[in-house]
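Asks: Below is the file upload-v9.txt, with compact mmCIF, C-alpha atoms.
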```
# COMPACT_ATOMS: atom_id res chain seq x y z
CA ILE S 731 -5.65 -6.98 39.24
CA THR S 732 -7.54 -8.00 36.12
CA VAL S 733 -5.68 -9.58 33.23
CA SER S 734 -7.56 -8.86 30.05
CA ASN S 735 -5.10 -10.14 27.45
CA ILE S 736 -3.24 -13.44 27.28
CA HIS S 737 -0.84 -14.86 24.72
CA ILE S 738 -0.36 -18.61 24.23
CA LYS S 739 2.32 -20.21 22.12
CA SER S 740 2.23 -23.97 21.78
CA ASP S 741 5.28 -25.92 20.63
CA LEU S 742 5.22 -29.59 19.82
CA ALA S 743 8.08 -31.06 21.82
CA ILE S 744 9.32 -34.39 23.12
CA GLY S 745 10.15 -35.85 26.50
CA GLU S 746 9.36 -33.81 29.60
CA GLU S 747 8.47 -30.73 27.55
CA VAL S 748 5.57 -32.38 25.74
CA MET S 749 3.23 -30.73 28.26
CA ASP S 750 3.81 -27.42 26.46
CA SER S 751 1.35 -28.61 23.86
CA LEU S 752 -1.37 -28.61 26.51
CA ALA S 753 -0.84 -24.93 27.35
CA PRO S 754 -4.02 -23.72 25.60
CA PHE S 755 -6.18 -26.15 27.57
CA ILE S 756 -4.59 -25.30 30.91
CA VAL S 757 -4.63 -21.51 30.50
CA LEU S 758 -8.09 -21.18 28.95
CA LYS S 759 -9.71 -23.23 31.72
CA GLY S 760 -8.62 -20.69 34.31
CA GLN S 761 -9.72 -17.48 32.62
CA ASP S 762 -12.65 -15.33 33.71
CA ILE S 763 -15.10 -15.14 30.81
CA ASN S 764 -16.20 -11.66 31.90
CA THR S 765 -12.76 -10.00 31.76
CA LEU S 766 -10.87 -11.51 28.84
CA GLU S 767 -10.78 -9.04 25.93
CA GLY S 768 -7.70 -10.13 23.99
CA LEU S 769 -6.38 -13.58 23.12
CA SER S 770 -3.36 -14.65 21.06
CA LEU S 771 -2.93 -18.30 20.07
CA ARG S 772 0.12 -18.04 17.83
CA GLN S 773 1.86 -21.06 16.36
CA LEU S 774 -0.34 -23.84 17.61
CA GLU S 775 0.53 -27.20 16.11
CA GLU S 776 -1.87 -28.84 13.70
CA GLY S 777 -5.29 -29.65 15.11
CA ILE S 778 -4.89 -27.83 18.43
CA PHE S 779 -7.04 -24.84 17.46
CA PHE S 780 -9.98 -27.06 16.56
CA MET S 781 -9.54 -28.96 19.82
CA VAL S 782 -9.65 -25.82 21.98
CA SER S 783 -12.39 -24.07 20.00
CA PRO S 784 -15.16 -25.24 22.40
CA ASN S 785 -13.26 -23.53 25.23
CA LEU S 786 -12.95 -20.34 23.20
CA LYS S 787 -16.66 -19.87 22.62
CA LYS S 788 -17.35 -18.85 26.21
CA PHE S 789 -15.22 -15.70 25.86
CA SER S 790 -17.98 -13.66 24.27
CA ARG S 791 -16.37 -10.37 25.31
CA LEU S 792 -13.26 -10.88 23.20
CA ARG S 793 -12.43 -7.79 21.15
CA SER S 794 -9.12 -9.03 19.75
CA LEU S 795 -8.19 -12.52 18.51
CA ASP S 796 -4.77 -13.45 17.13
CA LEU S 797 -4.59 -16.80 15.31
CA GLN S 798 -1.28 -16.33 13.51
CA ASP S 799 0.27 -19.51 12.17
CA CYS S 800 -2.15 -21.83 13.97
CA ASN S 801 -2.07 -24.45 11.21
CA ILE S 802 -5.67 -23.68 10.31
CA TYR S 803 -6.30 -25.47 7.03
CA LEU S 804 -9.65 -24.73 5.39
CA GLN S 805 -10.75 -25.81 1.93
CA GLU S 806 -13.71 -25.37 -0.36
CA GLY S 807 -15.83 -28.38 -1.17
CA LYS S 808 -18.61 -30.53 0.25
CA THR S 809 -16.68 -33.49 1.56
CA ARG S 810 -17.22 -34.25 5.23
CA SER S 811 -13.71 -33.33 6.34
CA ARG S 812 -13.81 -29.98 4.56
CA THR S 813 -17.26 -28.93 5.73
CA ILE S 814 -16.51 -29.89 9.34
CA GLY S 815 -13.41 -27.70 9.49
CA ARG S 816 -15.21 -24.68 8.04
CA ALA S 817 -18.22 -25.24 10.31
CA ILE S 818 -16.07 -25.30 13.45
CA MET S 819 -14.34 -22.08 12.41
CA VAL S 820 -17.63 -20.34 11.63
CA ARG S 821 -19.34 -21.46 14.85
CA THR S 822 -16.37 -20.34 16.93
CA LEU S 823 -16.07 -16.88 15.42
CA SER S 824 -19.82 -16.28 15.53
CA CYS S 825 -19.69 -16.49 19.34
CA PHE S 826 -17.58 -13.35 19.68
CA GLU S 827 -20.14 -10.58 19.68
CA ASN S 828 -17.58 -7.84 20.39
CA LEU S 829 -14.71 -8.93 18.14
CA VAL S 830 -13.26 -6.06 16.08
CA ARG S 831 -9.62 -7.16 15.67
CA LEU S 832 -8.69 -10.41 13.92
CA ASP S 833 -5.31 -11.76 12.82
CA LEU S 834 -5.39 -14.82 10.55
CA SER S 835 -1.86 -14.51 9.18
CA PHE S 836 0.02 -17.58 7.91
CA ASN S 837 -3.02 -19.87 7.61
CA TYR S 838 -4.54 -21.74 4.65
CA LEU S 839 -7.94 -20.22 3.89
CA LEU S 840 -8.18 -20.73 0.12
CA GLY S 841 -11.72 -20.04 -1.05
CA CYS S 842 -13.10 -19.83 2.50
CA LEU S 843 -12.54 -16.23 3.58
CA GLY S 844 -16.10 -15.20 2.73
CA GLU S 845 -17.58 -17.68 5.21
CA ILE S 846 -15.23 -16.48 7.93
CA LEU S 847 -16.07 -12.82 7.37
CA ASP S 848 -19.82 -13.50 7.30
CA ALA S 849 -19.60 -15.29 10.65
CA LEU S 850 -18.35 -12.20 12.47
CA LYS S 851 -20.99 -10.22 14.32
CA LEU S 852 -19.37 -6.78 14.15
CA PRO S 853 -17.53 -5.03 11.32
CA LEU S 854 -13.79 -5.38 11.86
CA GLU S 855 -11.47 -2.46 12.56
CA PHE S 856 -8.27 -4.52 12.17
CA LEU S 857 -7.60 -7.50 9.90
CA SER S 858 -4.34 -9.21 9.02
CA LEU S 859 -4.15 -11.78 6.22
CA ARG S 860 -0.36 -11.71 5.88
CA ASN S 861 0.98 -14.69 3.95
CA CYS S 862 -2.39 -16.44 3.93
CA ASP S 863 -3.22 -18.82 1.11
CA LEU S 864 -6.06 -16.99 -0.63
CA ASN S 865 -7.46 -16.60 -4.12
CA GLU S 866 -9.01 -13.65 -5.91
CA ASP S 867 -12.52 -14.74 -4.94
CA ASP S 868 -11.46 -14.35 -1.31
CA LEU S 869 -10.35 -10.78 -1.97
CA GLU S 870 -13.64 -10.04 -3.71
CA CYS S 871 -15.51 -11.34 -0.67
CA LEU S 872 -13.48 -9.04 1.57
CA ALA S 873 -14.03 -6.04 -0.68
CA ASN S 874 -17.80 -6.63 -0.76
CA SER S 875 -18.15 -7.51 2.91
CA LYS S 876 -19.55 -5.42 5.77
CA HIS S 877 -15.95 -4.96 6.93
CA ALA S 878 -14.73 -3.03 3.88
CA LEU S 879 -15.73 0.40 5.14
CA SER S 880 -15.00 -0.22 8.83
CA LEU S 881 -11.41 -1.44 8.48
CA GLN S 882 -8.85 1.04 9.75
CA GLU S 883 -5.83 -1.29 9.79
CA LEU S 884 -5.36 -3.85 7.02
CA ASN S 885 -2.41 -6.15 6.41
CA LEU S 886 -2.42 -7.73 2.94
CA SER S 887 1.32 -8.31 2.76
CA LYS S 888 2.76 -11.33 0.99
CA ILE S 889 -0.50 -12.65 -0.47
CA CYS S 890 0.53 -12.44 -4.14
CA GLN S 891 2.57 -15.61 -3.99
CA PHE S 892 3.81 -18.04 -6.60
CA SER S 893 1.43 -20.89 -7.33
CA ILE S 894 1.72 -23.80 -9.75
CA TYR S 895 -1.98 -23.27 -10.39
CA ASP S 896 -2.56 -19.95 -12.17
CA ASN S 897 -6.17 -19.72 -11.00
CA ASP S 898 -5.04 -19.79 -7.36
CA ARG S 899 -2.60 -16.92 -7.65
CA ILE S 900 -3.61 -13.38 -6.74
CA SER S 901 -2.21 -10.88 -9.22
CA SER S 902 -0.72 -7.64 -7.94
CA ASN S 903 -2.90 -5.75 -10.44
CA ASN S 904 -6.08 -7.09 -8.86
CA LEU S 905 -4.75 -6.42 -5.38
CA PHE S 906 -4.29 -2.77 -6.33
CA LYS S 907 -7.91 -2.59 -7.51
CA ILE S 908 -9.29 -4.23 -4.37
CA VAL S 909 -7.39 -1.89 -2.06
CA PHE S 910 -9.52 1.07 -3.10
CA CYS S 911 -12.61 -0.57 -1.59
CA PHE S 912 -11.26 0.11 1.91
CA LYS S 913 -11.91 3.82 1.91
CA ASN S 914 -11.50 4.37 5.65
CA VAL S 915 -8.26 2.46 6.09
CA LYS S 916 -5.51 4.32 7.95
CA LEU S 917 -2.73 1.73 8.13
CA LEU S 918 -2.16 -0.36 5.00
CA ASN S 919 0.51 -3.03 4.57
CA LEU S 920 1.14 -4.23 1.00
CA ALA S 921 4.71 -5.47 1.48
CA GLN S 922 6.20 -8.33 -0.59
CA ASN S 923 3.52 -8.57 -3.25
CA HIS S 924 5.60 -8.57 -6.44
CA PHE S 925 4.34 -5.18 -7.61
CA GLN S 926 5.21 -4.25 -11.18
CA ASP S 927 6.14 -0.80 -12.43
CA SER S 928 3.47 -0.98 -15.12
CA SER S 929 0.74 -0.98 -12.44
CA ILE S 930 1.99 2.07 -10.57
CA PRO S 931 0.57 4.92 -12.73
CA SER S 932 -3.00 3.63 -12.44
CA PHE S 933 -2.57 3.02 -8.70
CA CYS S 934 -1.23 6.52 -8.13
CA GLU S 935 -4.00 8.13 -10.14
CA LYS S 936 -6.72 6.58 -7.98
CA LEU S 937 -4.99 6.64 -4.59
CA PRO S 938 -5.67 10.26 -3.46
CA GLN S 939 -9.40 10.08 -4.17
CA ASN S 940 -10.01 6.62 -2.73
CA LEU S 941 -7.74 6.45 0.33
CA LYS S 942 -8.33 9.88 1.82
CA LYS S 943 -7.77 8.75 5.42
CA LEU S 944 -4.54 6.83 4.82
CA GLN S 945 -1.79 7.55 7.36
CA TYR S 946 0.69 4.69 6.88
CA LEU S 947 1.68 2.68 3.80
CA ASP S 948 4.17 -0.20 3.69
CA ILE S 949 5.33 -1.48 0.29
CA ALA S 950 8.71 -2.84 1.46
CA GLY S 951 9.99 -5.90 -0.37
CA ASN S 952 8.52 -4.82 -3.71
CA VAL S 953 11.23 -4.14 -6.30
CA LEU S 954 10.28 -0.95 -8.13
CA THR S 955 12.21 1.65 -10.09
CA GLU S 956 12.93 4.99 -8.47
CA ASP S 957 10.56 6.64 -10.93
CA SER S 958 7.71 4.43 -9.71
CA THR S 959 8.60 5.18 -6.11
CA LEU S 960 8.54 8.91 -6.76
CA GLN S 961 5.16 8.59 -8.48
CA ILE S 962 3.77 6.95 -5.35
CA CYS S 963 5.26 9.72 -3.21
CA LYS S 964 3.55 12.36 -5.33
CA ALA S 965 0.22 10.58 -4.89
CA LEU S 966 0.70 10.20 -1.13
CA ALA S 967 1.55 13.89 -0.82
CA LYS S 968 -2.00 14.66 -1.93
CA VAL S 969 -3.44 12.72 1.02
CA LYS S 970 -3.65 15.26 3.83
CA THR S 971 -3.67 12.68 6.62
CA PHE S 972 -0.64 10.74 5.40
CA GLN S 973 2.32 10.46 7.80
CA TRP S 974 4.58 7.43 7.19
CA PHE S 975 5.89 5.65 4.06
CA ARG S 976 7.89 2.41 4.35
CA LEU S 977 9.59 1.13 1.20
CA THR S 978 12.56 -0.63 -0.36
CA CYS S 979 14.90 1.11 -2.79
CA SER S 980 17.11 -1.82 -3.88
CA ASN S 981 16.77 -2.96 -7.49
CA ASN S 982 17.46 -6.60 -6.67
CA LEU S 983 18.80 -8.79 -3.89
CA LEU S 984 21.96 -9.74 -5.80
CA ASP S 985 23.12 -6.14 -6.13
CA GLU S 986 22.51 -5.62 -2.45
CA ALA S 987 24.45 -8.76 -1.55
CA LEU S 988 27.44 -7.94 -3.76
CA GLY S 989 27.57 -4.27 -2.92
CA HIS S 990 29.78 -2.92 -0.18
CA LEU S 991 27.85 -2.29 3.04
CA ASN S 992 28.87 1.35 3.16
CA GLN S 993 27.88 1.85 -0.47
CA ALA S 994 24.50 0.20 0.10
CA HIS S 995 23.91 2.48 3.06
CA GLU S 996 24.96 5.51 1.03
CA ASN S 997 22.58 4.55 -1.78
CA ALA S 998 19.71 4.30 0.69
CA VAL S 999 20.59 7.68 2.18
CA GLN S 1000 20.67 9.30 -1.25
CA ALA S 1001 17.37 7.71 -2.24
CA LYS S 1002 15.76 8.99 0.94
CA GLN S 1003 17.15 12.47 0.29
CA ARG S 1004 15.65 12.53 -3.20
CA ILE S 1005 12.28 11.38 -1.89
CA CYS S 1006 12.31 13.91 0.95
CA GLY S 1007 13.36 16.61 -1.51
CA LEU S 1008 10.38 15.83 -3.71
CA LEU S 1009 7.98 15.83 -0.76
CA SER S 1010 9.45 19.08 0.51
CA ALA S 1011 8.87 20.70 -2.88
CA LEU S 1012 5.26 19.55 -2.61
CA GLY S 1013 4.94 21.09 0.85
CA ARG S 1014 4.94 17.78 2.75
CA THR S 1015 7.91 17.90 5.10
CA ASP S 1016 5.76 16.14 7.70
CA ILE S 1017 5.89 12.71 6.01
CA HIS S 1018 8.36 10.23 7.52
CA ILE S 1019 10.25 8.04 5.05
CA GLU S 1020 11.55 4.64 6.20
CA ILE S 1021 13.91 2.86 3.80
CA VAL S 1022 14.08 -0.91 4.38
CA LYS S 1023 16.78 -3.16 2.92
CA LEU S 1024 15.38 -5.70 0.50
CA SER S 1025 17.10 -8.54 2.35
CA TYR S 1026 15.45 -7.49 5.61
CA ALA S 1027 12.02 -7.18 4.01
CA ILE S 1028 12.28 -10.66 2.48
CA PHE S 1029 13.60 -12.42 5.57
CA VAL S 1030 11.43 -10.63 8.12
CA ASP S 1031 9.27 -13.74 8.54
CA LEU S 1032 12.29 -15.74 9.68
CA MET S 1033 13.22 -12.97 12.10
CA ASP S 1034 9.68 -12.96 13.51
CA VAL S 1035 9.90 -16.69 14.18
CA MET S 1036 13.26 -16.32 15.92
CA GLU S 1037 11.92 -13.53 18.14
CA LEU S 1038 8.95 -15.64 19.18
```
Let me see the structure of the file written as structure tokens.
Replies:
Amino acid sequence: ITVSNIHIKSDLAIGEEVMDSLAPFIVLKGQDINTLEGLSLRQLEEGIFFMVSPNLKKFSRLRSLDLQDCNIYLQEGKTRSRTIGRAIMVRTLSCFENLVRLDLSFNYLLGCLGEILDALKLPLEFLSLRNCDLNEDDLECLANSKHALSLQELNLSKICQFSIYDNDRISSNNLFKIVFCFKNVKLLNLAQNHFQDSSIPSFCEKLPQNLKKLQYLDIAGNVLTEDSTLQICKALAKVKTFQWFRLTCSNNLLDEALGHLNQAHENAVQAKQRICGLLSALGRTDIHIEIVKLSYAIFVDLMDVMEL
């Protein structure tokens, strides 16, 4: 029996359970470098990833690497501490000659994404940057990278976050523009990005011509009017490959919280019926519509943590 994928979660604990923090060292030491193809190192406490990186380099056959919430903190600048962190990350990733799937969700990569992408040997097929600290220069680097046309699955959810520094915040308008650079993407997640209704007409106009291979789109957690939602549906109907649309129909969280559960459910059912009716009139009865409650879309991160 050959085990080709392992998943490590490291929790900082006290007392007898403190050994859990050593899990990455113990498990990695015993793995066959010729068989390991997938590795997940989710939720490592601060500093652990950089400590185990020398042990990771030997797994040159890795095709999939999951570094979600590993407390990776990279910064621009030429100070010794900042350059060392970026250098370790770059040297580690450059060792994986077969890597095509990379998950960097929930890490701080502000201004450093370009270096990470350049370090990879092969163009990526899957990339997740969910809830990463990024700026618009990072998105430009991604759009102009060798990965732009190879990506088939892309998660850019929750990257348009509030920042006290305006120059660090990614605007939803610019995110919409960048998305069209990934012309071969099939699965696209843009959930929780504070989309505005004013941006929807331009997005819908360009979508059919620029995302011709799109099969799945997730915009849950974005509060849009029904008119905007229907505009998106019309645009998606023109994409022959499209199959699944995930969205939120609530106007705001307060209305959802105050509304009766049965009424909220009925509203969602009616919204889905109107969307399906529109798609049916356009000859697209094959598209699946998934309505997600706004409260669920917003608190999904907490639920993910509890499941882990």
Asks: Of the candidates S:Ser875, S:Ser887, S:Gln882, S:Gln939, which one gets nearest to Leu920 (chain S) if we count all atoms listed in the file?
Replies: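 Closest candidate: S:Ser887.
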Asks: Hey, which of S:Ile814, S:Leu944, S:Cys862, S:Leu857 ends up closest to Ser835 (chain S)? Count only C-alpha atoms.
Replies: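 Using only C-alpha atoms, Ser835 (chain S) sits closest to S:Cys862.
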Asks: Mind checking which residues fall within 6 Å of region 841-844 of chain S, counting all atoms listed in the file, ignoring those fewer than 5 positions away in the same chain, and posting them as JSON, numbers by chain?
Replies: {"S": [806, 868, 871]}
Asks: Please write the residues from the selection above to a file, keeping C-alpha atoms, as a tab-separated table (two decimals), keeping the file's coordinate frame.
Replies:
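Dumped to part38.tsv:
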```tsv
chain	number	residue	atom	x	y	z
S	806	GLU	CA	-13.71	-25.37	-0.36
S	868	ASP	CA	-11.46	-14.35	-1.31
S	871	CYS	CA	-15.51	-11.34	-0.67
```
Asks: Closest to Met781 (chain S) among S:Ala967, S:Leu859, S:Ile818, S:Cys934, using all atoms listed in the file?
Replies: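 Smallest distance to Met781 (chain S) is found for S:Ile818.
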Asks: Listing only residues of region 844-880 of chain S within 8 Å of region 899-915 of chain S, what is the closest atom pair and its distance in Å (to one decimal) for each, using all atoms listed in the file, sorted by chain and residue number ascending, as CSV?
Replies:
```
residue,atom,partner,partner_atom,distance
S:Leu864,CA,S:Ile900,CA,7.5
S:Asn865,CA,S:Ile900,CA,5.7
S:Glu866,CA,S:Ile900,CA,5.5
S:Leu869,CA,S:Ile908,CA,7.1
S:Glu870,CA,S:Ile908,CA,7.3
S:Ala873,CA,S:Cys911,CA,5.7
S:Ala878,CA,S:Phe912,CA,5.1
S:Leu879,CA,S:Phe912,CA,5.5
S:Ser880,CA,S:Asn914,CA,6.6
```
Asks: So the first atom is CA of Leu966 (chain S) and the second is CA of Lys1023 (chain S); what is the distance between them in Å, to one decimal place?
Replies: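 Going from CA of Leu966 (chain S) over to CA of Lys1023 (chain S), I get 21.3 Å.
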Asks: With only C-alpha atoms counted, which protein, DNA or RNA residues have an atom no more than 8 Å from (16.2, -0.4, -1.2) in the file frame? Please answer as a PDB file with C-alpha atoms, in the coordinates of the input.
Replies:
```pdb
ATOM      1  CA  LEU S 977       9.590   1.130   1.200  1.00  0.00           C
ATOM      2  CA  THR S 978      12.560  -0.630  -0.360  1.00  0.00           C
ATOM      3  CA  CYS S 979      14.900   1.110  -2.790  1.00  0.00           C
ATOM      4  CA  SER S 980      17.110  -1.820  -3.880  1.00  0.00           C
ATOM      5  CA  ASN S 981      16.770  -2.960  -7.490  1.00  0.00           C
ATOM      6  CA  ALA S 998      19.710   4.300   0.690  1.00  0.00           C
ATOM      7  CA  ILE S1021      13.910   2.860   3.800  1.00  0.00           C
ATOM      8  CA  VAL S1022      14.080  -0.910   4.380  1.00  0.00           C
ATOM      9  CA  LYS S1023      16.780  -3.160   2.920  1.00  0.00           C
ATOM     10  CA  LEU S1024      15.380  -5.700   0.500  1.00  0.00           C
TER      11      LEU S1024
END
```
Asks: Just want the 12 Å neighbourhood of Lys916 (chain S), counted on all atoms listed in the file, with same-chain residues fewer than 5 positions away dropped. Output as a PyMOL selection string.
Replies: chain S and resi 855-856+879-885+909+940-948+969-974
Asks: Which distance in Å separates CA of Thr765 (chain S) and CA of Leu850 (chain S), to one decimal?
Replies: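 So the answer is 20.2 Å.
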Asks: Just the residues within 9 Å of Lys888 (chain S), please, counting only C-alpha atoms, with nothing from its chain fewer than 2 positions along; format it as a list in words.
Replies: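 Everything that qualifies: Leu859, Arg860, Asn861, Cys862, Leu886, Cys890, Gln891, Leu920, Ala921, Gln922, Asn923 and His924 of chain S.
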Asks: Could region 960-975 of chain S be written out with C-alpha atoms, as a compact mmCIF listing (two decimals), in the first residue's frame, please?
Replies:
```txt
# COMPACT_ATOMS: atom_id res chain seq x y z
CA LEU S 960 -30.49 38.35 -13.01
CA GLN S 961 -28.01 40.27 -15.17
CA ILE S 962 -25.28 37.86 -14.11
CA CYS S 963 -27.56 34.91 -14.89
CA LYS S 964 -28.17 36.24 -18.40
CA ALA S 965 -24.42 36.53 -18.96
CA LEU S 966 -23.76 33.04 -17.60
CA ALA S 967 -26.46 31.60 -19.86
CA LYS S 968 -24.33 32.62 -22.83
CA VAL S 969 -21.42 30.47 -21.61
CA LYS S 970 -22.08 27.04 -23.11
CA THR S 971 -19.98 25.15 -20.58
CA PHE S 972 -21.55 26.73 -17.49
CA GLN S 973 -23.21 24.35 -14.99
CA TRP S 974 -23.41 25.72 -11.42
CA PHE S 975 -24.14 29.16 -9.90
```
